[in-house]
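Trainee: target-v1.pdb (PDB, C-alpha atoms and all ligand atoms) pasted underneath:
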ATOM      1  CA  MET K  17     -38.522   2.696  47.549  1.00  0.00           C
ATOM      2  CA  ALA K  18     -34.796   2.342  48.214  1.00  0.00           C
ATOM      3  CA  LEU K  19     -35.570  -0.107  50.980  1.00  0.00           C
ATOM      4  CA  TRP K  20     -37.751  -2.118  48.641  1.00  0.00           C
ATOM      5  CA  VAL K  21     -34.893  -2.387  46.134  1.00  0.00           C
ATOM      6  CA  LEU K  22     -32.466  -3.266  48.888  1.00  0.00           C
ATOM      7  CA  PHE K  23     -34.813  -5.978  50.115  1.00  0.00           C
ATOM      8  CA  HIS K  24     -35.002  -7.560  46.683  1.00  0.00           C
ATOM      9  CA  LEU K  25     -31.292  -7.271  46.214  1.00  0.00           C
ATOM     10  CA  LEU K  26     -30.709  -9.102  49.486  1.00  0.00           C
ATOM     11  CA  LEU K  27     -33.265 -11.713  48.540  1.00  0.00           C
ATOM     12  CA  PHE K  28     -31.495 -12.208  45.228  1.00  0.00           C
ATOM     13  CA  LEU K  29     -28.133 -12.617  46.949  1.00  0.00           C
ATOM     14  CA  VAL K  30     -29.534 -15.123  49.410  1.00  0.00           C
ATOM     15  CA  LEU K  31     -31.383 -17.195  46.815  1.00  0.00           C
ATOM     16  CA  LYS K  32     -28.742 -17.014  44.086  1.00  0.00           C
ATOM     17  CA  PRO K  33     -27.290 -20.476  43.590  1.00  0.00           C
ATOM     18  CA  THR K  34     -23.714 -20.476  44.743  1.00  0.00           C
ATOM     19  CA  ASP K  35     -21.144 -20.969  42.048  1.00  0.00           C
ATOM     20  CA  ALA K  36     -19.945 -24.231  43.465  1.00  0.00           C
ATOM     21  CA  ASN K  37     -16.411 -24.956  42.403  1.00  0.00           C
ATOM     22  CA  LEU K  38     -16.350 -28.573  43.517  1.00  0.00           C
ATOM     23  CA  GLU K  39     -13.562 -29.653  41.196  1.00  0.00           C
ATOM     24  CA  GLY K  40     -11.518 -26.575  42.074  1.00  0.00           C
ATOM     25  CA  ASP K  41     -11.963 -27.388  45.741  1.00  0.00           C
ATOM     26  CA  ALA K  42     -10.824 -30.963  45.153  1.00  0.00           C
ATOM     27  CA  LEU K  43      -7.706 -29.763  43.357  1.00  0.00           C
ATOM     28  CA  PHE K  44      -7.096 -27.093  45.951  1.00  0.00           C
ATOM     29  CA  ALA K  45      -7.100 -29.792  48.632  1.00  0.00           C
ATOM     30  CA  LEU K  46      -4.085 -31.227  46.803  1.00  0.00           C
ATOM     31  CA  ARG K  47      -2.406 -27.831  46.697  1.00  0.00           C
ATOM     32  CA  ARG K  48      -2.864 -27.477  50.463  1.00  0.00           C
ATOM     33  CA  GLU K  49      -1.396 -30.917  51.089  1.00  0.00           C
ATOM     34  CA  VAL K  50       1.746 -30.784  48.972  1.00  0.00           C
ATOM     35  CA  HIS K  51       4.941 -28.837  49.289  1.00  0.00           C
ATOM     36  CA  ASP K  52       5.585 -26.909  46.075  1.00  0.00           C
ATOM     37  CA  PRO K  53       9.038 -25.341  46.218  1.00  0.00           C
ATOM     38  CA  ASN K  54       8.875 -23.973  42.661  1.00  0.00           C
ATOM     39  CA  ASN K  55       5.428 -22.410  43.106  1.00  0.00           C
ATOM     40  CA  ILE K  56       4.067 -24.134  40.053  1.00  0.00           C
ATOM     41  CA  LEU K  57       0.626 -24.186  41.700  1.00  0.00           C
ATOM     42  CA  GLN K  58       0.610 -20.437  42.206  1.00  0.00           C
ATOM     43  CA  SER K  59      -2.167 -19.888  39.648  1.00  0.00           C
ATOM     44  CA  TRP K  60      -4.482 -22.214  41.585  1.00  0.00           C
ATOM     45  CA  ASP K  61      -6.921 -19.648  42.914  1.00  0.00           C
ATOM     46  CA  PRO K  62      -9.896 -21.312  44.645  1.00  0.00           C
ATOM     47  CA  THR K  63     -12.015 -18.148  44.402  1.00  0.00           C
ATOM     48  CA  LEU K  64     -12.340 -18.514  40.621  1.00  0.00           C
ATOM     49  CA  VAL K  65     -15.557 -20.031  39.317  1.00  0.00           C
ATOM     50  CA  ASP K  66     -13.774 -23.137  38.019  1.00  0.00           C
ATOM     51  CA  PRO K  67     -10.179 -24.388  37.853  1.00  0.00           C
ATOM     52  CA  CYS K  68     -10.013 -24.302  34.060  1.00  0.00           C
ATOM     53  CA  THR K  69      -7.611 -21.354  33.859  1.00  0.00           C
ATOM     54  CA  TRP K  70      -5.212 -22.847  36.393  1.00  0.00           C
ATOM     55  CA  PHE K  71      -1.870 -23.943  35.009  1.00  0.00           C
ATOM     56  CA  HIS K  72      -1.397 -27.721  34.619  1.00  0.00           C
ATOM     57  CA  VAL K  73      -5.196 -28.257  34.576  1.00  0.00           C
ATOM     58  CA  THR K  74      -7.177 -28.982  31.393  1.00  0.00           C
ATOM     59  CA  CYS K  75     -10.969 -28.896  31.089  1.00  0.00           C
ATOM     60  CA  ASP K  76     -13.494 -30.054  28.523  1.00  0.00           C
ATOM     61  CA  SER K  77     -16.041 -27.767  26.832  1.00  0.00           C
ATOM     62  CA  GLN K  78     -18.271 -28.020  29.902  1.00  0.00           C
ATOM     63  CA  ASN K  79     -15.505 -26.756  32.157  1.00  0.00           C
ATOM     64  CA  ARG K  80     -14.952 -30.104  33.794  1.00  0.00           C
ATOM     65  CA  VAL K  81     -11.417 -31.183  34.570  1.00  0.00           C
ATOM     66  CA  THR K  82     -10.024 -33.802  32.193  1.00  0.00           C
ATOM     67  CA  ARG K  83      -6.267 -33.586  32.790  1.00  0.00           C
ATOM     68  CA  LEU K  84      -3.927 -32.881  35.627  1.00  0.00           C
ATOM     69  CA  ASP K  85      -0.358 -32.568  34.369  1.00  0.00           C
ATOM     70  CA  LEU K  86       2.036 -32.377  37.265  1.00  0.00           C
ATOM     71  CA  GLY K  87       4.764 -34.792  36.232  1.00  0.00           C
ATOM     72  CA  ASN K  88       8.316 -33.912  37.265  1.00  0.00           C
ATOM     73  CA  ALA K  89       7.116 -30.920  39.260  1.00  0.00           C
ATOM     74  CA  LYS K  90       9.211 -31.278  42.437  1.00  0.00           C
ATOM     75  CA  LEU K  91       6.106 -31.795  44.537  1.00  0.00           C
ATOM     76  CA  SER K  92       6.365 -33.576  47.858  1.00  0.00           C
ATOM     77  CA  GLY K  93       3.667 -34.588  50.305  1.00  0.00           C
ATOM     78  CA  LYS K  94       0.610 -36.766  50.113  1.00  0.00           C
ATOM     79  CA  LEU K  95      -2.094 -37.440  47.589  1.00  0.00           C
ATOM     80  CA  VAL K  96      -5.568 -36.444  48.743  1.00  0.00           C
ATOM     81  CA  PRO K  97      -8.774 -38.542  48.526  1.00  0.00           C
ATOM     82  CA  ASP K  98     -10.495 -35.450  47.081  1.00  0.00           C
ATOM     83  CA  LEU K  99      -8.928 -36.234  43.695  1.00  0.00           C
ATOM     84  CA  GLY K 100     -11.538 -39.003  43.435  1.00  0.00           C
ATOM     85  CA  LYS K 101     -14.191 -36.304  42.877  1.00  0.00           C
ATOM     86  CA  LEU K 102     -12.881 -35.362  39.426  1.00  0.00           C
ATOM     87  CA  GLU K 103     -15.472 -37.413  37.551  1.00  0.00           C
ATOM     88  CA  ARG K 104     -14.303 -36.526  34.060  1.00  0.00           C
ATOM     89  CA  LEU K 105     -10.583 -36.807  34.748  1.00  0.00           C
ATOM     90  CA  GLU K 106      -8.846 -38.803  32.011  1.00  0.00           C
ATOM     91  CA  TYR K 107      -5.174 -38.158  32.699  1.00  0.00           C
ATOM     92  CA  LEU K 108      -3.708 -38.032  36.179  1.00  0.00           C
ATOM     93  CA  GLU K 109      -0.027 -37.341  35.683  1.00  0.00           C
ATOM     94  CA  LEU K 110       1.933 -37.043  38.901  1.00  0.00           C
ATOM     95  CA  TYR K 111       5.022 -39.061  37.987  1.00  0.00           C
ATOM     96  CA  MET K 112       8.544 -38.130  39.074  1.00  0.00           C
ATOM     97  CA  ASN K 113       7.779 -36.161  42.196  1.00  0.00           C
ATOM     98  CA  ASN K 114       8.452 -37.061  45.793  1.00  0.00           C
ATOM     99  CA  LEU K 115       4.948 -37.993  46.838  1.00  0.00           C
ATOM    100  CA  VAL K 116       4.678 -40.153  49.932  1.00  0.00           C
ATOM    101  CA  GLY K 117       1.948 -42.093  51.696  1.00  0.00           C
ATOM    102  CA  PRO K 118      -0.723 -44.317  50.179  1.00  0.00           C
ATOM    103  CA  ILE K 119      -2.542 -44.236  46.871  1.00  0.00           C
ATOM    104  CA  PRO K 120      -6.043 -43.102  47.944  1.00  0.00           C
ATOM    105  CA  ALA K 121      -8.666 -45.790  47.320  1.00  0.00           C
ATOM    106  CA  GLU K 122     -10.928 -42.943  46.124  1.00  0.00           C
ATOM    107  CA  LEU K 123      -8.980 -42.829  42.859  1.00  0.00           C
ATOM    108  CA  GLY K 124     -11.118 -45.852  41.998  1.00  0.00           C
ATOM    109  CA  ASN K 125     -14.014 -43.385  41.567  1.00  0.00           C
ATOM    110  CA  LEU K 126     -12.383 -41.752  38.547  1.00  0.00           C
ATOM    111  CA  LYS K 127     -14.597 -43.518  36.034  1.00  0.00           C
ATOM    112  CA  SER K 128     -13.220 -41.624  33.036  1.00  0.00           C
ATOM    113  CA  LEU K 129      -9.576 -42.193  33.837  1.00  0.00           C
ATOM    114  CA  VAL K 130      -7.470 -43.366  30.894  1.00  0.00           C
ATOM    115  CA  SER K 131      -4.010 -42.868  32.335  1.00  0.00           C
ATOM    116  CA  LEU K 132      -2.782 -43.066  35.915  1.00  0.00           C
ATOM    117  CA  ASP K 133       0.896 -42.197  36.096  1.00  0.00           C
ATOM    118  CA  LEU K 134       2.325 -42.165  39.583  1.00  0.00           C
ATOM    119  CA  TYR K 135       5.701 -43.749  38.820  1.00  0.00           C
ATOM    120  CA  HIS K 136       8.917 -42.581  40.433  1.00  0.00           C
ATOM    121  CA  ASN K 137       7.641 -41.212  43.738  1.00  0.00           C
ATOM    122  CA  ASN K 138       7.881 -42.552  47.250  1.00  0.00           C
ATOM    123  CA  LEU K 139       4.359 -43.904  47.602  1.00  0.00           C
ATOM    124  CA  THR K 140       3.861 -46.645  50.168  1.00  0.00           C
ATOM    125  CA  GLY K 141       1.132 -49.122  51.062  1.00  0.00           C
ATOM    126  CA  SER K 142      -0.590 -51.449  48.672  1.00  0.00           C
ATOM    127  CA  ILE K 143      -2.321 -50.912  45.357  1.00  0.00           C
ATOM    128  CA  PRO K 144      -6.000 -50.234  46.165  1.00  0.00           C
ATOM    129  CA  PRO K 145      -8.336 -52.911  44.732  1.00  0.00           C
ATOM    130  CA  SER K 146     -10.720 -50.051  43.898  1.00  0.00           C
ATOM    131  CA  LEU K 147      -8.536 -49.288  40.878  1.00  0.00           C
ATOM    132  CA  SER K 148     -10.158 -52.303  39.262  1.00  0.00           C
ATOM    133  CA  ASN K 149     -13.238 -50.101  38.826  1.00  0.00           C
ATOM    134  CA  LEU K 150     -11.389 -47.896  36.340  1.00  0.00           C
ATOM    135  CA  SER K 151     -12.864 -49.554  33.300  1.00  0.00           C
ATOM    136  CA  ASN K 152     -11.470 -46.989  30.843  1.00  0.00           C
ATOM    137  CA  LEU K 153      -7.942 -47.247  32.154  1.00  0.00           C
ATOM    138  CA  ARG K 154      -5.338 -47.937  29.496  1.00  0.00           C
ATOM    139  CA  PHE K 155      -2.095 -46.885  31.183  1.00  0.00           C
ATOM    140  CA  LEU K 156      -1.275 -47.679  34.789  1.00  0.00           C
ATOM    141  CA  ARG K 157       2.273 -46.862  35.769  1.00  0.00           C
ATOM    142  CA  LEU K 158       3.118 -47.216  39.427  1.00  0.00           C
ATOM    143  CA  ASN K 159       6.700 -48.419  39.145  1.00  0.00           C
ATOM    144  CA  ARG K 160       9.548 -46.954  41.183  1.00  0.00           C
ATOM    145  CA  ASN K 161       7.666 -46.378  44.404  1.00  0.00           C
ATOM    146  CA  ARG K 162       7.796 -48.255  47.687  1.00  0.00           C
ATOM    147  CA  LEU K 163       4.506 -50.058  47.287  1.00  0.00           C
ATOM    148  CA  THR K 164       4.055 -53.352  49.063  1.00  0.00           C
ATOM    149  CA  GLY K 165       1.679 -56.262  48.774  1.00  0.00           C
ATOM    150  CA  ARG K 166       0.302 -58.012  45.779  1.00  0.00           C
ATOM    151  CA  ILE K 167      -1.139 -56.653  42.602  1.00  0.00           C
ATOM    152  CA  PRO K 168      -4.896 -56.919  43.226  1.00  0.00           C
ATOM    153  CA  ARG K 169      -6.326 -59.801  41.258  1.00  0.00           C
ATOM    154  CA  GLU K 170      -9.235 -57.535  40.311  1.00  0.00           C
ATOM    155  CA  LEU K 171      -6.922 -55.441  38.139  1.00  0.00           C
ATOM    156  CA  THR K 172      -6.840 -58.237  35.608  1.00  0.00           C
ATOM    157  CA  LYS K 173     -10.509 -57.459  34.904  1.00  0.00           C
ATOM    158  CA  LEU K 174      -9.470 -54.235  33.216  1.00  0.00           C
ATOM    159  CA  GLY K 175     -10.042 -55.082  29.586  1.00  0.00           C
ATOM    160  CA  ASN K 176      -8.694 -51.811  28.176  1.00  0.00           C
ATOM    161  CA  LEU K 177      -5.442 -51.872  30.068  1.00  0.00           C
ATOM    162  CA  LYS K 178      -2.513 -51.763  27.666  1.00  0.00           C
ATOM    163  CA  ILE K 179       0.373 -50.881  29.930  1.00  0.00           C
ATOM    164  CA  LEU K 180       0.786 -51.916  33.529  1.00  0.00           C
ATOM    165  CA  CYS K 181       4.076 -51.098  35.225  1.00  0.00           C
ATOM    166  CA  VAL K 182       4.245 -51.882  38.885  1.00  0.00           C
ATOM    167  CA  GLN K 183       7.764 -53.199  39.462  1.00  0.00           C
ATOM    168  CA  GLN K 184       9.780 -51.423  42.147  1.00  0.00           C
TER     169      GLN K 184
HETATM  170  C1  LIG Y 201      12.453 -41.196  48.207  1.00  0.00           C
HETATM  171  O1  LIG Y 201      12.938 -41.024  49.515  1.00  0.00           O
HETATM  172  C2  LIG Y 201      14.331 -41.244  49.614  1.00  0.00           C
HETATM  173  C3  LIG Y 201      14.700 -41.198  51.090  1.00  0.00           C
HETATM  174  O2  LIG Y 201      13.991 -40.200  51.743  1.00  0.00           O
HETATM  175  C4  LIG Y 201      15.051 -40.186  48.784  1.00  0.00           C
HETATM  176  O3  LIG Y 201      16.451 -40.369  48.866  1.00  0.00           O
HETATM  177  C5  LIG Y 201      14.598 -40.323  47.334  1.00  0.00           C
HETATM  178  O4  LIG Y 201      15.176 -39.312  46.551  1.00  0.00           O
HETATM  179  C6  LIG Y 201      13.102 -40.227  47.255  1.00  0.00           C
HETATM  180  N1  LIG Y 201      12.679 -40.555  45.895  1.00  0.00           N
HETATM  181  C7  LIG Y 201      12.102 -39.695  45.103  1.00  0.00           C
HETATM  182  C8  LIG Y 201      11.666 -40.200  43.773  1.00  0.00           C
HETATM  183  O5  LIG Y 201      11.899 -38.532  45.409  1.00  0.00           O
HETATM  184  C1  LIG Y 202     -16.400 -50.700  42.509  1.00  0.00           C
HETATM  185  O1  LIG Y 202     -17.573 -49.905  42.398  1.00  0.00           O
HETATM  186  C2  LIG Y 202     -18.720 -50.524  42.931  1.00  0.00           C
HETATM  187  C3  LIG Y 202     -19.902 -49.677  42.573  1.00  0.00           C
HETATM  188  O2  LIG Y 202     -19.621 -48.320  42.738  1.00  0.00           O
HETATM  189  C4  LIG Y 202     -18.522 -50.688  44.423  1.00  0.00           C
HETATM  190  O3  LIG Y 202     -19.655 -51.272  45.019  1.00  0.00           O
HETATM  191  C5  LIG Y 202     -17.305 -51.554  44.663  1.00  0.00           C
HETATM  192  O4  LIG Y 202     -17.054 -51.639  46.044  1.00  0.00           O
HETATM  193  C6  LIG Y 202     -16.095 -51.015  43.959  1.00  0.00           C
HETATM  194  N1  LIG Y 202     -15.031 -51.995  44.003  1.00  0.00           N
HETATM  195  C7  LIG Y 202     -13.920 -51.794  44.687  1.00  0.00           C
HETATM  196  C8  LIG Y 202     -12.934 -52.905  44.666  1.00  0.00           C
HETATM  197  O5  LIG Y 202     -13.703 -50.769  45.307  1.00  0.00           O
END
What do you get writing this file as structure tokens?

Mentor:
Amino acid sequence: MALWVLFHLLLFLVLKPTDANLEGDALFALRREVHDPNNILQSWDPTLVDPCTWFHVTCDSQNRVTRLDLGNAKLSGKLVPDLGKLERLEYLELYMNNLVGPIPAELGNLKSLVSLDLYHNNLTGSIPPSLSNLSNLRFLRLNRNRLTGRIPRELTKLGNLKILCVQQ
């Protein structure tokens, strides 16, 4: 009898759908990549079922991430392509840090994005043309970085864009 119960318990554990924390994993990839001298990402525990209780992260009623508020947070290091997995993200606020390296083209997958604030960092490379796919984007502030190249012509397609700051 005990064995029978054990068997079913094991079966349950094997067949139970895993609580995939895809958005938490995407955010945690950022935590792994950046240097965070003030430990403001300390609450980012990837073993939780979702990232909605993490500081600086906001979710909607379906526990999907809608905001990442890490402006002026003394972060250094690189942005990660994983951020492009946050399908419901509306506000990506990473201004006034010391982020380096390129703007990942994957940010062009953030279909819900309203505001992309990366100003005042040390980002290099060019502005990815994929950002022209952000049809809900209203605020794009990339000024005060070390970006090179032209502003992609495609960005002018963005009908909702109200503010575009890209000067160095
Ligand atoms: C960018 O890098 C330069 C040189 O490493 C540094 O002096 C400057 O403070 C950095 N800018 C920001 C916004 O962190
Ligand atoms: C925009 O999205 C479409 C469809 O997902 C894709 O085929 C296209 O390559 C993207 N444009 C850019 C410039 O990345």

Trainee: Mind pulling up the distance from CA of Pro67 (chain K) to CA of Arg154 (chain K)?

Mentor: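 CA of Arg154 (chain K) sits 25.5 Å away from CA of Pro67 (chain K).
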
Trainee: For ligand LIG 201 (chain Y), collect every residue having any atom at a distance of at most 9 Å from a ligand atom (counting only C-alpha atoms and all ligand atoms); output as a list in words.

Mentor: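 Listing the residues within 9 Å of ligand LIG 201 (chain Y) gives Lys90, Leu91, Ser92, Tyr111, Met112, Asn113, Asn114, Leu115, Val116, Tyr135, His136, Asn137, Asn138, Leu139, Arg160, Asn161 and Arg162 of chain K.
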
Trainee: With the cut-off set at 8 Å and counting only C-alpha atoms and all ligand atoms, tabulate each residue of chain K with an atom at most that distance from an atom of ligand LIG 202 (chain Y), showing the nearest atom pair and its distance in Å to one decimal, ordered by chain and increasing number, as JSON lines.

Mentor:
{"residue": "K:Ala121", "atom": "CA", "partner": "Y:LIG202", "partner_atom": "O5", "distance": 7.4}
{"residue": "K:Gly124", "atom": "CA", "partner": "Y:LIG202", "partner_atom": "O5", "distance": 6.5}
{"residue": "K:Asn125", "atom": "CA", "partner": "Y:LIG202", "partner_atom": "O1", "distance": 7.5}
{"residue": "K:Pro144", "atom": "CA", "partner": "Y:LIG202", "partner_atom": "C8", "distance": 7.6}
{"residue": "K:Pro145", "atom": "CA", "partner": "Y:LIG202", "partner_atom": "C8", "distance": 4.6}
{"residue": "K:Ser146", "atom": "CA", "partner": "Y:LIG202", "partner_atom": "O5", "distance": 3.4}
{"residue": "K:Leu147", "atom": "CA", "partner": "Y:LIG202", "partner_atom": "C8", "distance": 6.8}
{"residue": "K:Ser148", "atom": "CA", "partner": "Y:LIG202", "partner_atom": "C8", "distance": 6.1}
{"residue": "K:Asn149", "atom": "CA", "partner": "Y:LIG202", "partner_atom": "C1", "distance": 4.9}
{"residue": "K:Glu170", "atom": "CA", "partner": "Y:LIG202", "partner_atom": "C8", "distance": 7.4}

Trainee: Please measure the separation of CA of Asp76 (chain K) and CA of Asn37 (chain K), giving the value in Å to one decimal.

Mentor: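 If I compute the distance from CA of Asp76 (chain K) to CA of Asn37 (chain K), I get 15.1 Å.
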
Trainee: Quick one: apply the PyMOL selection byres (((chain K and resi 61) around 12) and not hetatm) to the file and drop the selected residues here as a count of residues only.

Mentor: 22
